[in-house]
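Participant: So here's final.cif (mmCIF, C-alpha atoms).
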data_my_file
loop_
_atom_site.label_atom_id
_atom_site.label_comp_id
_atom_site.auth_asym_id
_atom_site.auth_seq_id
_atom_site.Cartn_x
_atom_site.Cartn_y
_atom_site.Cartn_z
CA MET A 124 133.97 70.65 128.04
CA PHE A 125 137.07 68.48 128.44
CA ASP A 126 138.55 67.23 131.67
CA ASP A 127 141.66 65.20 132.42
CA GLY A 128 139.75 62.01 133.23
CA SER A 129 139.61 60.35 129.83
CA PRO A 130 140.94 60.86 126.30
CA ILE A 131 139.47 63.86 124.47
CA TYR A 132 138.22 61.72 121.58
CA ARG A 133 136.26 59.59 124.09
CA GLN A 134 134.78 62.73 125.65
CA ILE A 135 133.71 63.98 122.21
CA ALA A 136 132.08 60.65 121.40
CA ASP A 137 130.32 60.60 124.78
CA GLN A 138 129.09 64.18 124.27
CA ILE A 139 127.62 63.31 120.87
CA LYS A 140 125.96 60.23 122.35
CA ALA A 141 124.48 62.35 125.15
CA GLU A 142 123.14 64.85 122.59
CA ILE A 143 121.50 62.00 120.69
CA MET A 144 119.95 60.58 123.85
CA ASN A 145 118.60 63.95 125.04
CA GLY A 146 117.22 64.79 121.60
CA SER A 147 119.59 67.65 120.76
CA LEU A 148 120.77 65.58 117.80
CA GLU A 149 117.92 63.84 116.02
CA PRO A 150 117.98 60.79 113.74
CA GLY A 151 119.08 61.85 110.29
CA GLY A 152 120.41 65.13 111.67
CA LYS A 153 123.72 66.48 110.44
CA VAL A 154 126.62 66.61 112.88
CA MET A 155 129.40 69.21 112.80
CA SER A 156 132.35 68.16 110.64
CA THR A 157 135.59 67.07 112.24
CA ASN A 158 137.17 70.36 111.19
CA GLN A 159 134.30 72.32 112.71
CA TYR A 160 134.67 70.35 115.97
CA ALA A 161 138.40 70.92 115.93
CA ALA A 162 138.03 74.65 115.38
CA PHE A 163 135.19 75.06 117.89
CA TYR A 164 136.93 73.12 120.69
CA GLN A 165 140.47 74.12 119.64
CA ILE A 166 141.68 70.54 119.31
CA ASN A 167 143.58 68.57 116.70
CA PRO A 168 141.28 67.47 113.81
CA ALA A 169 142.70 63.94 114.14
CA THR A 170 141.28 63.78 117.66
CA ALA A 171 137.81 64.70 116.45
CA GLN A 172 138.20 62.27 113.55
CA LYS A 173 138.97 59.44 115.97
CA ALA A 174 135.76 60.14 117.88
CA PHE A 175 133.70 60.24 114.69
CA ARG A 176 135.30 57.03 113.39
CA GLU A 177 134.41 55.28 116.63
CA LEU A 178 130.80 56.47 116.38
CA VAL A 179 130.59 55.31 112.76
CA ASP A 180 132.02 51.92 113.76
CA GLU A 181 129.36 51.65 116.48
CA GLY A 182 126.61 52.51 113.97
CA VAL A 183 125.67 55.72 115.78
CA LEU A 184 126.73 58.00 112.92
CA TYR A 185 127.01 57.44 109.19
CA LYS A 186 128.95 59.32 106.57
CA GLN A 187 127.63 60.57 103.25
CA ARG A 188 130.63 61.17 101.06
CA GLY A 189 130.98 64.83 100.19
CA VAL A 190 127.98 65.80 102.34
CA GLY A 191 128.92 65.10 105.96
CA MET A 192 128.17 63.01 109.02
CA PHE A 193 124.65 62.21 110.14
CA VAL A 194 122.94 60.55 113.10
CA ALA A 195 121.82 57.01 112.25
CA GLU A 196 118.07 56.46 112.33
CA ASP A 197 118.38 53.80 115.04
CA ALA A 198 121.19 55.51 116.98
CA ARG A 199 119.08 56.21 120.04
CA ASP A 200 117.90 52.59 120.23
CA LYS A 201 121.49 51.35 119.90
CA LEU A 202 122.69 53.69 122.61
CA ALA A 203 119.84 52.73 124.94
CA ALA A 204 120.59 49.03 124.40
CA ASP A 205 124.28 49.64 125.09
CA PHE A 206 123.45 51.57 128.27
CA ARG A 207 121.14 48.77 129.40
CA GLU A 208 123.84 46.15 128.85
CA ARG A 209 126.48 48.19 130.69
CA PHE A 210 124.00 48.86 133.52
CA PHE A 211 123.34 45.15 133.98
CA GLU A 212 127.07 44.37 133.95
CA ARG A 213 128.12 47.25 136.20
CA VAL A 214 125.21 47.38 138.66
CA LEU A 215 123.02 44.29 138.62
CA ALA A 216 125.62 41.53 138.19
CA PRO A 217 127.52 42.63 141.33
CA LEU A 218 124.20 43.00 143.19
CA VAL A 219 123.21 39.42 142.32
CA ARG A 220 126.64 38.10 143.37
CA GLU A 221 126.47 39.91 146.72
CA ALA A 222 122.90 38.78 147.32
CA ARG A 223 123.89 35.15 146.71
CA GLN A 224 126.86 35.50 149.07
CA ALA A 225 124.58 36.96 151.74
CA GLY A 226 121.95 34.28 151.21
CA ILE A 227 119.33 36.74 149.98
CA PRO A 228 116.94 35.06 147.53
CA LEU A 229 116.65 36.82 144.19
CA THR A 230 112.87 36.78 144.66
CA ASP A 231 113.35 39.12 147.65
CA ILE A 232 115.32 41.53 145.47
CA ILE A 233 112.66 41.38 142.76
CA ASP A 234 109.92 42.03 145.31
CA TYR A 235 111.89 44.97 146.70
CA LEU A 236 112.38 46.46 143.24
CA LYS A 237 108.71 46.06 142.41
CA ALA A 238 107.79 47.87 145.62
CA GLN A 239 110.21 50.69 144.73
CA GLU A 240 108.66 51.11 141.30
CA GLY A 241 105.64 52.82 142.83
CA VAL A 242 107.85 55.02 144.99
CA LEU A 243 110.03 56.09 142.07
CA LYS A 244 107.21 57.22 139.79
#
Can you give me the file's structure in the form of structure tokens?

Facilitator:
Amino acid sequence: MFDDGSPIYRQIADQIKAEIMNGSLEPGGKVMSTNQYAAFYQINPATAQKAFRELVDEGVLYKQRGVGMFVAEDARDKLAADFRERFFERVLAPLVREARQAGIPLTDIIDYLKAQEGVLK
């Protein structure tokens, strides 16, 4: 599961987010404990805890004291909104800058995208 590209806690958090987005983890569903994650993936429990803490801070998971960690009811919506924002920053903002530099009107880009919508369905 883990590669050398990013910190393990980040990879754990990303994996949990992916499981929420693909429906493997549903809103209100219980998530493995940090100790279970640590044992299953043979990692330090503090590493798993860091991932869980980050997800709690983002509002993706919530903790019920003495019961465990659960997926927030609106986790999928939050993750989708975050993905949308990152997509616009990473993909569309540079596209708009390059189009302006090349003298391509944004209306041409919009028309192109609208034409692609039918192709992509």

Participant: Identify which of the residues A:Ile135, A:Gln239, A:Lys186, A:Phe210 lies closest to Phe163 of chain A, counting all atoms listed in the file when measuring atom-to-atom distances.

Facilitator: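 Distance minimum relative to Phe163 of chain A lands on A:Ile135.
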
Participant: Provide an axis-aligned box for all listed atoms of segment 223-226 of chain A, padding each side by 5 Å; report its centre and its edge lengths in Å to one decimal, as AutoDock Vina command-line options.

Facilitator:
--center_x 124.4 --center_y 35.6 --center_z 149.2 --size_x 14.9 --size_y 12.7 --size_z 15.0

Participant: Mind listing as an NGL selection string all residues within 7 Å of (119.2, 60.8, 112.8), counting all atoms listed in the file?

Facilitator: :A and (149-152 or 193-196)

Participant: Given only C-alpha atoms as the basis, pick out the residue of A:Asp231, A:Val214, A:Gly226, A:Tyr132 nearest to Ile166 of chain A.

Facilitator: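 Using only C-alpha atoms, the shortest distance to Ile166 of chain A belongs to A:Tyr132.
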
Participant: Expressed in Å to a single decimal, how great is the separation between atom CA of Ala216 of chain A and atom CA of Ile233 of chain A?

Facilitator: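 Atom-to-atom, atom CA of Ala216 of chain A and atom CA of Ile233 of chain A are spaced 13.7 Å apart.
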
Participant: Quick one: everything within 10 Å of Thr170 of chain A, counting all atoms listed in the file, minus sequence neighbours fewer than 4 positions away in the same chain. Send it as a list in words.

Facilitator: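 Everything that qualifies: Pro130, Ile131, Tyr132, Arg133, Ile135, Thr157, Tyr160, Ala161, Ile166, Ala174, Phe175 and Arg176 of chain A.
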
Participant: Would you mind telling me which residue in A:Lys140, A:Lys237, A:Lys153, A:Arg213 lies nearest to Glu177 of chain A when using all atoms listed in the file?

Facilitator: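 Among the listed residues, A:Lys140 lies closest to Glu177 of chain A.
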
Participant: Report, in Å with one decimal, the straight-line distance from atom CA of Asp205 of chain A to atom CA of Val154 of chain A.

Facilitator: 21.0 Å

Participant: Could you check which of A:Pro168, A:Gly182, A:Gly128, A:Gly241 is closest to Ser156 of chain A, using all atoms listed in the file?

Facilitator: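 Residue with the minimum atom-to-atom distance to Ser156 of chain A: A:Pro168.
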
Participant: Tell me, as number ranges by chain, which residues lie within 9 Å of Leu202 of chain A, counting all atoms listed in the file; anything in the same chain fewer than 5 positions away does not count.

Facilitator: A: 140, 143-144, 183, 197, 207

Participant: Rounded to one decimal place, report the atom CA of Ala204 of chain A-atom CA of Ala141 of chain A distance in Å.

Facilitator: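 Pair atom CA of Ala204 of chain A / atom CA of Ala141 of chain A returns 13.9 Å.
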
Participant: Under the rule that all atoms listed in the file are counted, which of A:Leu215, A:Leu178, A:Ala162, A:Leu148 is the nearest residue to Gln134 of chain A?

Facilitator: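 Looking only at the distances to Gln134 of chain A, the closest residue turns out to be A:Leu178.
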
Participant: Which of these, A:Arg199, A:Thr230, A:Asp180, A:Ala238, has the shortest distance to Ser147 of chain A once you count only C-alpha atoms?

Facilitator: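 Between A:Arg199, A:Thr230, A:Asp180, A:Ala238, the residue approaching Ser147 of chain A most closely is A:Arg199.
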